[in-house]
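Enquirer: So that we are looking at the same thing, I have put the structure below in structure tokens.
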Amino acid sequence: MKTLNSRILFALFFLLIGLTGCSGSGEDPSSVTDPSQSPVLSPLTTVIEGQVADGYLQNARVFLDRNGNRRPDSDEPSTLSGPKGQYTLTVSMNDLSYPVVAQIVAGETVDEDNGDNPVAINSTLEAPAGYHGFISPLTTLVKHEMDKNPLMGAPEAEVRIREALGIPEEISLFSNYLDTAVINVTPAVSSAALKAHEKARVVNRLLGQMMARLDNEFGGSVPNDKIDAALIVATSTILDNAQNFTDVIQSGTSSLNEAEIDALANQVLSSLPAASLNTETVALYDARLDEKNPVWDVTPPGILSRIPEAEQNAPVGTLISLSFNEGVEETSVSPQTIELQSASGKVGGITTYNTLTHQVTFVPDQPLFAFTRYTATLNPGLTDKLGNQITEPLSWNFTTLFVNSPPEPPVF
């Protein structure tokens, strides 16, 4: 009997628990918890720290660039760098995937290589996400190379920059090469680190001055939505012309002072073609950034070979052809792409394109005259698949000959 009563009591107990935990159809809706009203837990925070350097830069505005606009916004952690360019940012664990940017402000930021004198020109330095320990002009070049090539990782981008600037692999662009130049290492590594520092200084001078020139091109300042493209125009131009200053630094037997660094940067600037820094170039780079192509390409098709070559003798049955280093947009090939003429006038013919060999060919309507000088011209308008267009004509000359000797005269 006691056993039966115990079983009944246990059954009633679990039944009551089940009823208490269930919500019936008559439950007050206001008692149901709205997940959106639940308190949001603050993410765990961490500290990231590092240094900013051209020489060591004090009073640079250092910030975590969450939205990628390269400007410190009110909701982004920021600070001013201190002695030896040191900075500390308190960020959430979720923030570690964002890059750190340093704004160098003319009249405020101090370069320790230049005493207590503030810098004379603005510039923006940055490093790829996860590489915040040392921010410099060289890490800026690496970051921009990755921006141009979305599939490229930091190690590959670093190799490209080191090769472009002639910096040996013993020098990591993500480490403090200023320290490497003075600590107890081999003389060769110390010298390489010192030269890397000098190259970085020229890069920063050029970056600031090129951005100032682009500000003028836009009538006062580069629009906010074009800053990314303008910066990459500047750093790409620096890399394209790097040999103009790296050779000087590499061959030097003593370190360069401030005046010599400035003079070298000005020499590079004065040698640039006017078309390299303008609003059209910025617009082109902006379009490429938006497209996010796996491979960066802002150059038109390049010529690998041409037939006949310039000043070459060619048979009267020759075809005029140009081979390119990439595929050509077929719709850009027209009857006027290649023109041929002699002193007697323009030669008629058709233009074809071979998609496999990337070869554009002009086929004359009839054999050419022998012992005649002809001028072939590639006209502007040909583009690659991304729309990069050849904008300047290319002309060259050749002379026709008989391939075979004429037949012997008959014998009577």
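Chains: A, B, ... in order of the structure tokens. Residues: from 1 per chain. Ligands: from 1, in order shown.
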Neighbours of A:Ser74 within 12 Å (only C-alpha atoms; same-chain residues fewer than 6 positions away dropped), as JSON, numbers by chain?

Expert: {"A": [63, 64, 65, 66, 67]}

Enquirer: Determine the nearest neighbour of A:Leu231 from the options A:Glu145, A:Asp179, A:Asp262, A:Asp75, counting only C-alpha atoms.

Expert: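 Comparing A:Glu145, A:Asp179, A:Asp262, A:Asp75 against A:Leu231, the winner is A:Glu145.
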
Enquirer: Could you name the residues that touch A:Thr281 at 10 Å or less, counting only C-alpha atoms, but leaving out those on the same chain fewer than 4 positions away, as a CSV table (one decimal) with N, CA and C atoms, in the first residue's frame?

Expert:
chain,number,residue,atom,x,y,z
A,229,ALA,N,41.5,55.5,-53.8
A,229,ALA,CA,42.1,55.4,-55.2
A,229,ALA,C,43.3,56.4,-55.3
A,230,ALA,N,43.1,57.6,-54.8
A,230,ALA,CA,44.2,58.6,-54.9
A,230,ALA,C,45.5,58.1,-54.2
A,233,VAL,N,47.0,55.4,-56.3
A,233,VAL,CA,47.7,56.0,-57.5
A,233,VAL,C,49.1,56.5,-57.0
A,275,ALA,N,50.9,63.1,-66.8
A,275,ALA,CA,49.7,62.3,-66.9
A,275,ALA,C,49.6,61.3,-65.7
A,276,SER,N,50.7,61.1,-65.0
A,276,SER,CA,50.7,60.1,-64.0
A,276,SER,C,49.9,60.4,-62.7
A,277,LEU,N,49.7,61.7,-62.5
A,277,LEU,CA,48.9,62.1,-61.3
A,277,LEU,C,47.9,63.1,-61.7
A,285,TYR,N,41.6,54.2,-61.3
A,285,TYR,CA,41.9,53.3,-60.1
A,285,TYR,C,40.7,53.1,-59.3
A,286,ASP,N,39.9,54.1,-59.1
A,286,ASP,CA,38.6,54.0,-58.3
A,286,ASP,C,37.7,52.9,-58.9
A,287,ALA,N,37.6,52.9,-60.3
A,287,ALA,CA,36.8,51.9,-60.9
A,287,ALA,C,37.4,50.5,-60.7
A,298,VAL,N,45.8,48.1,-64.8
A,298,VAL,CA,45.4,49.4,-65.2
A,298,VAL,C,46.2,49.8,-66.5

Enquirer: With only C-alpha atoms as the basis for distance, which of A:Asn379, A:Leu356, A:Leu194, A:Gly348 is at the shortest distance from A:Gln336?

Expert: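 Checking each candidate against A:Gln336, we get A:Asn379 as the closest.
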
Enquirer: DSSP on the backbone: which residues in stretch 15-233 of chain A end up as helix (DSSP H, G or I)? Give the answer as JSON, numbers by chain.

Expert: {"A": [15, 16, 17, 18, 19, 20, 21, 29, 30, 31, 35, 36, 37, 83, 84, 85, 93, 94, 95, 96, 97, 112, 113, 114, 137, 138, 139, 140, 141, 142, 143, 144, 145, 146, 147, 148, 154, 155, 156, 157, 158, 159, 160, 161, 162, 163, 164, 165, 177, 178, 179, 180, 187, 188, 189, 190, 191, 192, 193, 194, 195, 196, 197, 198, 199, 200, 201, 202, 203, 204, 205, 206, 207, 208, 209, 210, 211, 212, 213, 214, 215, 216, 217, 224, 225, 226, 227, 228, 229, 230, 231, 232, 233]}

Enquirer: For a quick check of understanding, using only C-alpha atoms, which of A:Pro83, A:Pro294, A:Pro137, A:Pro315 has the smallest distance to A:Pro150?

Expert: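 Of A:Pro83, A:Pro294, A:Pro137, A:Pro315, the one nearest A:Pro150, counting only C-alpha atoms, is A:Pro294.
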
Enquirer: Find the residues near stretch 196-212 of chain A: any atom within 6 Å, counting only C-alpha atoms, skip ones fewer than 6 places away on the same chain, and give them as a PyMOL selection string.

Expert: chain A and resi 54+122-123+137-138+234+261+265
